[in-house]
>>> print(open('my_file34.txt').read())   # compact mmCIF, C-alpha atoms
# COMPACT_ATOMS: atom_id res chain seq x y z
CA MET A 28 0.00 0.00 0.00
CA THR A 29 1.41 3.34 -1.06
CA ILE A 30 0.46 6.34 1.11
CA ASP A 31 1.17 9.96 0.23
CA ALA A 32 4.14 11.04 2.37
CA LYS A 33 2.68 14.54 2.80
CA ARG A 34 -0.46 13.16 4.41
CA LEU A 35 1.53 11.05 6.80
CA SER A 36 3.71 14.05 7.60
CA THR A 37 0.61 16.07 8.49
CA LEU A 38 -0.45 13.41 10.97
CA VAL A 39 3.04 13.36 12.46
CA GLN A 40 2.73 17.11 12.99
CA LEU A 41 -0.36 16.39 15.10
CA GLY A 42 1.88 14.50 17.52
CA TYR A 43 1.92 10.93 16.23
CA THR A 44 4.86 8.73 15.37
CA PRO A 45 5.30 7.69 11.70
CA GLU A 46 4.00 4.22 12.55
CA GLU A 47 0.95 5.61 14.35
CA ALA A 48 0.34 8.04 11.49
CA ARG A 49 0.29 5.19 8.98
CA PHE A 50 -2.16 3.22 11.11
CA LEU A 51 -4.43 6.24 11.56
CA TYR A 52 -4.45 6.84 7.82
CA ILE A 53 -5.49 3.26 7.10
CA VAL A 54 -8.19 3.24 9.80
CA ALA A 55 -9.67 6.61 8.81
CA THR A 56 -9.69 5.71 5.11
CA HIS A 57 -11.08 2.18 5.30
CA SER A 58 -12.98 1.91 8.57
CA GLY A 59 -13.15 4.73 11.10
CA TYR A 60 -13.24 2.10 13.85
CA PHE A 61 -10.55 -0.15 15.30
CA THR A 62 -9.65 -2.28 18.31
CA HIS A 63 -6.56 -2.48 20.45
CA ARG A 64 -5.80 -5.89 18.98
CA GLN A 65 -5.84 -4.50 15.43
CA PHE A 66 -3.24 -1.90 16.34
CA LEU A 67 -1.08 -4.59 17.96
CA ALA A 68 -1.34 -6.73 14.82
CA PHE A 69 -0.37 -3.77 12.66
CA SER A 70 2.57 -2.72 14.81
CA GLY A 71 3.72 -6.26 15.54
CA THR A 72 3.91 -5.59 19.27
CA LYS A 73 2.43 -7.00 22.48
CA PRO A 74 0.17 -5.13 24.92
CA GLY A 75 2.19 -2.61 26.89
CA LYS A 76 3.50 0.94 26.95
CA HIS A 77 3.87 1.14 23.18
CA SER A 78 0.14 0.78 22.47
CA GLN A 79 -0.95 2.49 25.69
CA LYS A 80 0.87 5.69 24.73
CA PHE A 81 -0.76 5.69 21.32
CA LEU A 82 -4.27 5.22 22.71
CA GLU A 83 -3.78 7.84 25.40
CA ARG A 84 -2.41 10.30 22.85
CA LEU A 85 -5.40 9.68 20.59
CA LEU A 86 -7.98 10.19 23.34
CA THR A 87 -6.28 13.11 25.09
CA ALA A 88 -6.12 15.02 21.81
CA GLU A 89 -9.85 14.34 21.36
CA HIS A 90 -9.24 12.72 18.00
CA ALA A 91 -11.11 9.56 18.99
CA THR A 92 -13.44 8.11 21.55
CA TYR A 93 -14.39 4.56 22.46
CA ARG A 94 -17.16 2.29 23.64
CA THR A 95 -16.54 -0.60 26.03
CA HIS A 96 -18.40 -3.80 25.16
CA PRO A 97 -19.48 -6.70 27.42
CA SER A 98 -16.30 -8.58 26.57
CA GLY A 99 -14.37 -5.81 28.36
CA GLY A 100 -12.76 -4.72 25.10
CA ARG A 101 -13.09 -1.32 23.48
CA VAL A 102 -13.93 -0.24 19.97
CA TYR A 103 -12.26 3.08 19.16
CA HIS A 104 -13.80 5.57 16.76
CA ILE A 105 -11.72 8.21 14.98
CA PHE A 106 -14.16 11.09 14.71
CA SER A 107 -12.08 14.29 14.70
CA ARG A 108 -12.30 16.38 11.56
CA ARG A 109 -8.67 17.35 12.09
CA ILE A 110 -7.57 13.78 11.37
CA TYR A 111 -9.68 13.52 8.22
CA LYS A 112 -8.62 16.93 6.98
CA ALA A 113 -4.98 15.98 7.52
CA ILE A 114 -5.28 13.07 5.10
CA GLY A 115 -7.55 14.79 2.60
CA ARG A 116 -10.58 12.70 3.56
CA ASP A 117 -12.82 15.33 5.15
CA ASP A 118 -15.85 14.14 3.16
CA LEU A 119 -15.86 10.59 4.54
CA ARG A 120 -18.87 9.78 6.69
CA THR A 121 -16.93 7.28 8.76
CA ARG A 122 -16.25 10.06 11.25
CA ARG A 123 -19.95 10.30 12.17
CA LYS A 124 -22.06 8.15 14.48
CA HIS A 125 -23.15 4.75 13.15
CA GLN A 126 -25.26 1.75 14.01
CA LEU A 127 -23.61 -1.42 15.31
CA GLU A 128 -24.06 -3.35 12.05
CA TYR A 129 -22.16 -0.67 10.13
CA ILE A 130 -19.38 -0.64 12.75
CA LYS A 131 -18.94 -4.40 12.56
CA THR A 132 -18.80 -4.31 8.77
CA ARG A 133 -16.13 -1.60 8.78
CA MET A 134 -14.08 -3.57 11.30
CA VAL A 135 -14.15 -6.65 9.08
CA ALA A 136 -13.00 -4.41 6.23
CA LEU A 137 -10.12 -3.17 8.38
CA ASP A 138 -9.17 -6.74 9.29
CA PHE A 139 -9.02 -7.53 5.59
CA VAL A 140 -6.98 -4.45 4.64
CA LEU A 141 -4.50 -5.01 7.49
CA SER A 142 -3.91 -8.53 6.19
CA HIS A 143 -3.41 -7.24 2.63
CA LEU A 144 -1.15 -4.23 3.10
CA ASP A 145 0.87 -5.20 0.03
CA CYS A 146 -2.06 -4.33 -2.27
CA GLU A 147 -2.67 -1.02 -4.04
CA TYR A 148 -6.17 0.23 -3.20
CA LEU A 149 -8.60 2.50 -4.95
CA GLU A 150 -9.47 4.16 -1.67
CA THR A 151 -12.28 6.61 -2.39
CA GLU A 152 -14.96 7.51 -4.90
CA ALA A 153 -12.63 10.17 -6.28
CA GLU A 154 -10.15 7.43 -7.24
CA LYS A 155 -12.55 4.69 -8.28
CA VAL A 156 -14.72 6.63 -10.73
CA PRO A 157 -11.93 8.05 -12.94
CA PHE A 158 -10.09 4.71 -12.85
CA PHE A 159 -12.94 2.79 -14.45
CA GLU A 160 -13.79 5.65 -16.78
CA SER A 161 -10.25 6.10 -18.13
CA ARG A 162 -8.71 2.62 -17.90
CA PHE A 163 -11.73 0.75 -19.27
CA ASN A 164 -13.49 3.58 -21.14
CA LEU A 165 -16.73 2.99 -19.25
CA SER A 166 -19.69 5.30 -18.78
CA ARG A 167 -20.64 6.39 -15.29
CA ALA A 168 -24.06 4.91 -15.95
CA LEU A 169 -22.45 1.48 -15.54
CA LEU A 170 -21.01 2.22 -12.08
CA PRO A 171 -22.86 1.31 -8.86
CA SER A 172 -24.52 4.49 -7.63
CA ARG A 173 -27.08 5.96 -5.27
CA THR A 174 -28.97 9.24 -5.52
CA TYR A 175 -29.26 11.41 -2.41
CA THR A 176 -31.74 14.26 -2.02
CA SER A 177 -31.21 17.13 0.41
CA LYS A 178 -34.02 17.54 2.93
CA LEU A 179 -33.50 21.31 2.96
CA SER A 180 -32.98 22.27 -0.68
CA GLN A 181 -34.45 19.18 -2.39
CA ASN A 182 -31.35 19.14 -4.57
CA SER A 183 -30.14 15.67 -5.50
CA SER A 184 -26.66 14.30 -6.08
CA VAL A 185 -25.37 10.98 -7.35
CA ARG A 186 -22.68 9.16 -5.38
CA TYR A 187 -20.73 6.14 -6.58
CA PHE A 188 -19.38 3.09 -4.73
CA VAL A 189 -21.18 4.16 -1.56
CA ASP A 190 -20.58 0.79 0.12
CA ARG A 191 -16.85 1.67 0.26
CA PHE A 192 -15.76 -1.96 0.29
CA PRO A 193 -12.06 -2.33 -0.54
CA ILE A 194 -11.13 -2.47 -4.22
CA PHE A 195 -7.49 -3.13 -5.05
CA LEU A 196 -5.40 -3.80 -8.14
CA ARG A 197 -3.23 -6.64 -9.34
CA ASN A 198 -0.72 -6.40 -12.18
CA THR A 199 -0.47 -2.65 -11.67
CA SER A 200 2.33 -2.43 -14.24
CA ALA A 201 0.05 -3.73 -17.00
CA SER A 202 -1.93 -1.42 -19.27
CA THR A 203 -5.15 -2.90 -17.88
CA PRO A 204 -4.49 -4.04 -14.28
CA THR A 205 -6.83 -6.60 -12.79
CA PRO A 206 -9.25 -5.03 -10.28
CA THR A 207 -10.24 -7.10 -7.25
CA PHE A 208 -13.62 -6.32 -5.66
CA THR A 209 -14.69 -7.35 -2.18
CA TYR A 210 -17.86 -7.77 -0.18
CA MET A 211 -17.72 -7.56 3.61
CA ASP A 212 -20.19 -9.69 5.56
CA ALA A 213 -20.02 -9.16 9.32
CA GLY A 214 -22.42 -12.02 10.08
CA ALA A 215 -25.66 -11.46 8.18
CA ALA A 216 -28.49 -13.95 8.67
CA THR A 217 -29.00 -14.41 4.92
CA THR A 218 -27.24 -13.70 1.62
CA GLN A 219 -29.83 -11.11 0.60
CA GLY A 220 -27.43 -8.20 1.14
CA PHE A 221 -24.80 -9.94 -0.98
CA GLN A 222 -27.31 -10.53 -3.77
CA THR A 223 -28.37 -6.88 -3.72
CA HIS A 224 -24.72 -5.83 -3.86
CA LEU A 225 -24.04 -8.02 -6.89
CA GLN A 226 -27.09 -6.64 -8.66
CA ALA A 227 -25.74 -3.11 -8.14
CA TYR A 228 -22.30 -4.09 -9.50
CA ARG A 229 -23.45 -6.44 -12.27
CA LYS A 230 -23.36 -3.93 -15.15
CA LEU A 231 -19.84 -2.81 -14.25
CA LEU A 232 -18.47 -6.31 -13.68
CA ARG A 233 -19.83 -7.67 -16.95
CA CYS A 234 -18.09 -4.87 -18.88
CA LEU A 235 -14.64 -5.65 -17.50
CA PRO A 236 -12.27 -7.88 -19.51
CA HIS A 237 -11.19 -9.64 -16.32
CA PHE A 238 -11.56 -9.19 -12.57
CA GLU A 239 -11.53 -10.99 -9.22
CA PHE A 240 -14.17 -10.93 -6.49
CA ILE A 241 -13.66 -11.88 -2.85
CA TYR A 242 -16.52 -12.56 -0.44
CA VAL A 243 -15.23 -11.92 3.10
CA ALA A 244 -16.97 -13.20 6.24
CA PRO A 245 -16.03 -14.37 9.76
CA THR A 246 -17.40 -17.88 9.06
CA ASP A 247 -17.70 -20.15 6.03
CA ARG A 248 -21.46 -20.52 6.54
CA PHE A 249 -22.43 -19.02 3.17
CA PHE A 250 -19.33 -19.78 1.11
CA ALA A 251 -21.05 -22.26 -1.20
CA ALA A 252 -24.21 -20.17 -1.45
CA THR A 253 -22.38 -16.97 -2.36
CA ALA A 254 -20.37 -18.76 -5.04
CA SER A 255 -23.66 -19.93 -6.54
CA GLU A 256 -25.20 -16.47 -6.37
CA PHE A 257 -22.12 -14.92 -7.96
CA SER A 258 -22.30 -17.37 -10.82
CA ARG A 259 -26.02 -16.79 -11.31
CA ILE A 260 -26.10 -12.99 -11.02
CA VAL A 261 -22.77 -11.88 -12.43
CA LEU A 262 -21.71 -14.58 -14.87
CA GLY A 263 -25.19 -14.92 -16.28
CA GLN A 264 -25.08 -18.70 -16.41
CA PRO A 265 -26.40 -21.60 -14.34
CA ASN A 266 -24.39 -22.56 -11.31
CA PRO A 267 -21.61 -25.10 -11.83
CA VAL A 268 -23.50 -28.37 -11.86
CA SER A 269 -22.51 -31.89 -10.96
CA ASN A 270 -24.12 -35.16 -10.05
CA ASP A 271 -23.19 -34.57 -6.38
CA ARG A 272 -24.85 -31.17 -6.39
CA LEU A 273 -28.03 -32.58 -7.91
CA LEU A 274 -28.06 -35.36 -5.31
CA ARG A 275 -27.67 -32.80 -2.53
CA TYR A 276 -30.63 -30.92 -3.96
CA PHE A 277 -32.73 -34.09 -3.95
CA ARG A 278 -31.87 -34.84 -0.32
CA LEU A 279 -32.60 -31.32 0.92
CA ARG A 280 -35.80 -31.11 -1.10
CA LYS A 281 -37.01 -34.39 0.38
CA THR A 282 -36.24 -33.15 3.90
CA TRP A 283 -37.99 -29.84 3.24
CA GLU A 284 -41.09 -31.45 1.74
CA ALA A 285 -41.28 -33.81 4.72
CA GLY A 286 -41.56 -30.78 7.00
CA ASP A 287 -38.28 -31.43 8.78
CA ARG A 288 -35.87 -28.66 9.81
CA VAL A 289 -33.39 -27.46 7.20
CA PRO A 290 -30.45 -25.19 8.27
CA ALA A 291 -30.51 -21.63 6.91
CA ALA A 292 -27.42 -22.12 4.73
CA ASP A 293 -29.03 -25.20 3.14
CA VAL A 294 -32.25 -23.26 2.51
CA VAL A 295 -30.22 -20.75 0.51
CA PHE A 296 -28.68 -23.58 -1.50
CA LEU A 297 -32.09 -25.20 -1.99
CA ASN A 298 -33.64 -22.02 -3.38
CA ALA A 299 -30.75 -21.51 -5.80
CA ALA A 300 -30.85 -25.16 -6.89
CA LYS A 301 -34.59 -24.94 -7.64
CA ARG A 302 -33.83 -22.24 -10.19
CA ASP A 303 -31.02 -24.25 -11.80
CA PHE A 304 -32.49 -27.75 -11.80
CA LYS A 305 -35.63 -27.23 -13.86
CA GLY A 306 -37.23 -29.46 -16.42
CA GLU A 307 -39.09 -32.72 -16.71
CA GLU A 308 -35.91 -34.81 -16.73
CA VAL A 309 -34.90 -33.58 -13.27
CA GLU A 310 -38.46 -33.97 -11.92
CA SER A 311 -38.67 -37.49 -13.29
CA GLN A 312 -35.38 -38.44 -11.66
CA TYR A 313 -36.51 -36.92 -8.35
CA ARG A 314 -39.77 -38.89 -8.31
CA ARG A 315 -37.97 -42.15 -9.07
CA TRP A 316 -35.27 -41.39 -6.45
CA VAL A 317 -37.85 -40.57 -3.75
CA GLU A 318 -39.77 -43.75 -4.55
CA GLY A 319 -36.58 -45.82 -4.33
CA ARG A 320 -36.56 -46.71 -8.03
CA MET A 321 -33.26 -44.84 -8.57
CA GLN A 322 -30.06 -45.22 -6.55
CA ASP A 323 -27.82 -42.29 -5.50
CA SER A 324 -25.16 -43.43 -7.94
CA ASP A 325 -27.67 -43.21 -10.82
CA VAL A 326 -28.56 -39.52 -10.28
CA PHE A 327 -27.24 -37.60 -13.26
CA HIS A 328 -27.51 -34.07 -14.66
CA ARG A 329 -26.60 -33.31 -18.27
CA GLY A 330 -25.80 -29.60 -17.78
CA THR A 331 -26.30 -26.94 -20.45
CA GLY A 332 -22.97 -26.86 -22.24
CA GLU A 333 -22.87 -23.05 -21.98
CA GLU A 334 -19.47 -21.43 -21.76
CA GLN A 335 -18.59 -18.75 -19.26
CA GLN A 336 -18.97 -15.32 -20.83
CA VAL A 337 -17.10 -13.30 -18.21
CA ARG A 338 -13.48 -13.83 -17.19
CA ALA A 339 -13.71 -13.75 -13.43
CA ILE A 340 -12.30 -15.45 -10.36
CA PHE A 341 -14.51 -15.77 -7.28
CA GLN A 342 -13.07 -16.49 -3.84
CA ALA A 343 -14.52 -16.73 -0.35
CA ARG A 344 -12.27 -16.03 2.63
CA LYS A 345 -12.68 -16.08 6.39
CA CYS A 346 -11.79 -12.79 8.06
CA GLY A 347 -13.09 -10.79 11.00
CA ALA A 348 -11.22 -11.81 14.14
CA SER A 349 -11.76 -8.30 15.55
CA LEU A 350 -15.48 -9.06 16.00
CA SER A 351 -14.58 -11.12 19.07
CA VAL A 352 -14.55 -7.83 20.99
CA PHE A 353 -18.35 -7.87 20.88
CA HIS A 354 -18.87 -11.26 22.50
CA ARG A 355 -15.74 -12.97 23.81
CA PRO A 356 -14.73 -12.14 27.41
CA GLY A 357 -11.13 -11.01 27.61
CA ALA A 358 -10.84 -10.63 23.83
CA GLU A 359 -8.95 -7.35 24.12
CA GLN A 360 -6.43 -7.84 26.89
CA GLY A 361 -3.91 -5.18 27.78
CA GLU A 362 -5.63 -1.90 27.02
CA SER A 363 -6.45 -1.20 30.66
CA VAL A 364 -2.95 -1.69 32.00
CA ALA A 365 -2.86 2.03 32.68
CA GLU A 366 -5.65 4.56 33.08
CA ILE A 367 -6.23 6.23 29.73
CA ARG A 368 -7.59 9.71 29.85
CA SER A 369 -10.41 10.53 27.45
CA GLY A 370 -9.64 14.22 27.03
CA GLY A 371 -13.09 15.30 28.16
CA VAL A 372 -14.84 13.27 25.45
CA SER A 373 -17.42 10.82 26.74
CA PRO A 374 -16.16 7.29 26.07
CA GLY A 375 -19.69 6.10 25.46
CA PHE A 376 -20.32 7.74 22.09
CA SER A 377 -18.93 9.89 19.34
CA PRO A 378 -20.37 13.37 18.84
CA ALA A 379 -23.19 13.63 16.29
CA GLU A 380 -21.28 16.50 14.67
CA PRO A 381 -17.56 15.68 14.83
CA ARG A 382 -15.41 18.30 16.48
CA GLU A 383 -12.54 20.03 14.80
>>> encode(input="my_file34.txt", output="structure tokens")
Amino acid sequence: MTIDAKRLSTLVQLGYTPEEARFLYIVATHSGYFTHRQFLAFSGTKPGKHSQKFLERLLTAEHATYRTHPSGGRVYHIFSRRIYKAIGRDDLRTRRKHQLEYIKTRMVALDFVLSHLDCEYLETEAEKVPFFESRFNLSRALLPSRTYTSKLSQNSSVRYFVDRFPIFLRNTSASTPTPTFTYMDAGAATTQGFQTHLQAYRKLLRCLPHFEFIYVAPTDRFFAATASEFSRIVLGQPNPVSNDRLLRYFRLRKTWEAGDRVPAADVVFLNAAKRDFKGEEVESQYRRWVEGRMQDSDVFHRGTGEEQQVRAIFQARKCGASLSVFHRPGAEQGESVAEIRSGGVSPGFSPAEPRE
């Protein structure tokens, strides 16, 4: 990750070490929120004076506040406009108050970025929009967008890539580097949010000559389901089919029709499989299999023979260790070794209108 030296220098002038300045830049740009453990992982140190001085400096200067969770750990929020102005990110809404779901999602994003510091990121809308316009000669109409209307003036404005999930580049020396998109799932109950996200990005993704997409979540619960949804929504083709997949569909369908309990992840798979396995041939096989006139080894699906139209690589990765601060007792050891002053800012919340 390449960071503008002038922006880091400005943070150093606010009283931070070069290492702390780099960490603050990454947090403010990609998350707004962080934990003690994330700073330790970044700095490669153990709990002690090194991290305590940083946290005390941050709170005393009123550049951040924190909330203590039942685990005993704290989630810090960088809210000061001075920090965001110093790095040229004064328009980011990460400095404002947010709901818990948003905070968790940004923390997963930070976990991911901290484990991929060797990548070159398109960090903001101001970098992403011109990149896809100039490098791939694409219209803005193809980019994921949202229209906002002012409550006071009724004026509307269009913003792009409002989810702010990390996008980074591979083969940066090539004339057309490979963009890698990500989706951050902090523990959703279904894949509906992921599906909506893919629908918003579909036009852009299908216009790219090649790209990679990474689904990021703290568990592998929906790994198979998201791969299926990616294939269906983005690639525009049926999910990769196999005899084993068809047999799994038969088994889950039989369980479902019998009124027995089916886990949520399997329900997602079942719904996707119903769309893919259509036709009288499949129905005939299912009836014979249920009636015992067809063995498991005889279940067979012919497929469609369609070729993939989009050059894409889909991956699913586990990430989100920082979320343990919300539920695991003792998850953030070491940050209370010394009393940390809060600089007059209530530790319970961040101001609705961030201070200078």
>>> closest_residue(input="my_file34.txt", among="A:Thr218, A:Ser351, A:Thr176, A:Thr132", to="A:Tyr60", atoms="only C-alpha atoms")
A:Thr132
>>> residues_around(input="my_file34.txt", residues="A:Leu350", least_positions_apart="6", cutoff="9 Å", atoms="all atoms listed in the file", output="list in words")
Lys131, Met134, Val135, Ala213 and Pro245 of chain A
>>> write_last_selection(input="my_file34.txt", atoms="C-alpha atoms", output="tab-separated table (two decimals), in the coordinates of the input")
chain	number	residue	atom	x	y	z
A	131	LYS	CA	-18.94	-4.40	12.56
A	134	MET	CA	-14.08	-3.57	11.30
A	135	VAL	CA	-14.15	-6.65	9.08
A	213	ALA	CA	-20.02	-9.16	9.32
A	245	PRO	CA	-16.03	-14.37	9.76
>>> residues_around(input="my_file34.txt", residues="A:Leu232", least_positions_apart="2", cutoff="12 Å", atoms="only C-alpha atoms", output="ChimeraX atom specification")
/A:159,163,165,169-171,205-208,224-230,234-240,257,260-263,336-340
>>> write_last_selection(input="my_file34.txt", atoms="C-alpha atoms", output="short mmCIF file (atom, residue, chain, number, x, y, z; two decimals), in the frame of the given file")
data_model
loop_
_atom_site.label_atom_id
_atom_site.label_comp_id
_atom_site.auth_asym_id
_atom_site.auth_seq_id
_atom_site.Cartn_x
_atom_site.Cartn_y
_atom_site.Cartn_z
CA PHE A 159 -12.94 2.79 -14.45
CA PHE A 163 -11.73 0.75 -19.27
CA LEU A 165 -16.73 2.99 -19.25
CA LEU A 169 -22.45 1.48 -15.54
CA LEU A 170 -21.01 2.22 -12.08
CA PRO A 171 -22.86 1.31 -8.86
CA THR A 205 -6.83 -6.60 -12.79
CA PRO A 206 -9.25 -5.03 -10.28
CA THR A 207 -10.24 -7.10 -7.25
CA PHE A 208 -13.62 -6.32 -5.66
CA HIS A 224 -24.72 -5.83 -3.86
CA LEU A 225 -24.04 -8.02 -6.89
CA GLN A 226 -27.09 -6.64 -8.66
CA ALA A 227 -25.74 -3.11 -8.14
CA TYR A 228 -22.30 -4.09 -9.50
CA ARG A 229 -23.45 -6.44 -12.27
CA LYS A 230 -23.36 -3.93 -15.15
CA CYS A 234 -18.09 -4.87 -18.88
CA LEU A 235 -14.64 -5.65 -17.50
CA PRO A 236 -12.27 -7.88 -19.51
CA HIS A 237 -11.19 -9.64 -16.32
CA PHE A 238 -11.56 -9.19 -12.57
CA GLU A 239 -11.53 -10.99 -9.22
CA PHE A 240 -14.17 -10.93 -6.49
CA PHE A 257 -22.12 -14.92 -7.96
CA ILE A 260 -26.10 -12.99 -11.02
CA VAL A 261 -22.77 -11.88 -12.43
CA LEU A 262 -21.71 -14.58 -14.87
CA GLY A 263 -25.19 -14.92 -16.28
CA GLN A 336 -18.97 -15.32 -20.83
CA VAL A 337 -17.10 -13.30 -18.21
CA ARG A 338 -13.48 -13.83 -17.19
CA ALA A 339 -13.71 -13.75 -13.43
CA ILE A 340 -12.30 -15.45 -10.36
#
>>> atom_distance(input="my_file34.txt", atom1="atom CA of A:Asp271", atom2="atom CA of A:Val326")
8.3 Å
>>> closest_residue(input="my_file34.txt", among="A:Ser183, A:Ser311, A:Asn298, A:Gln65", to="A:Tyr103", atoms="only C-alpha atoms")
A:Gln65
>>> closest_residue(input="my_file34.txt", among="A:Ala291, A:Leu51, A:Val140, A:Met321", to="A:His90", atoms="only C-alpha atoms")
A:Leu51
>>> closest_residue(input="my_file34.txt", among="A:Ala348, A:Cys146, A:Ala68, A:Ala88", to="A:Gly42", atoms="all atoms listed in the file")
A:Ala88
>>> closest_residue(input="my_file34.txt", among="A:Phe139, A:Tyr148, A:Phe277, A:Tyr43", to="A:Ile30", atoms="all atoms listed in the file")
A:Tyr148
>>> atom_distance(input="my_file34.txt", atom1="atom CA of A:Gly286", atom2="atom CA of A:Phe250")
25.5 Å
>>> closest_residue(input="my_file34.txt", among="A:Thr87, A:Ser107, A:Thr72, A:Thr253", to="A:Gly59", atoms="all atoms listed in the file")
A:Ser107
>>> residues_around(input="my_file34.txt", residues="A:Val289", least_positions_apart="6", cutoff="8 Å", atoms="all atoms listed in the file", output="PyMOL selection string")
chain A and resi 279+282-283
>>> residues_around(input="my_file34.txt", residues="A:Asp31", least_positions_apart="2", cutoff="12 Å", atoms="only C-alpha atoms", output="ChimeraX atom specification")
/A:28-29,33-38,48-49,52-53,113-115
>>> residues_around(input="my_file34.txt", residues="A:Ser184", least_positions_apart="3", cutoff="10 Å", atoms="only C-alpha atoms", output="ChimeraX atom specification")
/A:173-177,181
>>> write_last_selection(input="my_file34.txt", atoms="C-alpha atoms", output="PDB file, in the frame of the given file")
ATOM      1  CA  ARG A 173     -27.080   5.960  -5.270  1.00  0.00           C
ATOM      2  CA  THR A 174     -28.970   9.240  -5.520  1.00  0.00           C
ATOM      3  CA  TYR A 175     -29.260  11.410  -2.410  1.00  0.00           C
ATOM      4  CA  THR A 176     -31.740  14.260  -2.020  1.00  0.00           C
ATOM      5  CA  SER A 177     -31.210  17.130   0.410  1.00  0.00           C
ATOM      6  CA  GLN A 181     -34.450  19.180  -2.390  1.00  0.00           C
TER       7      GLN A 181
END
>>> atom_distance(input="my_file34.txt", atom1="atom CA of A:Phe304", atom2="atom CA of A:Leu273")
7.6 Å
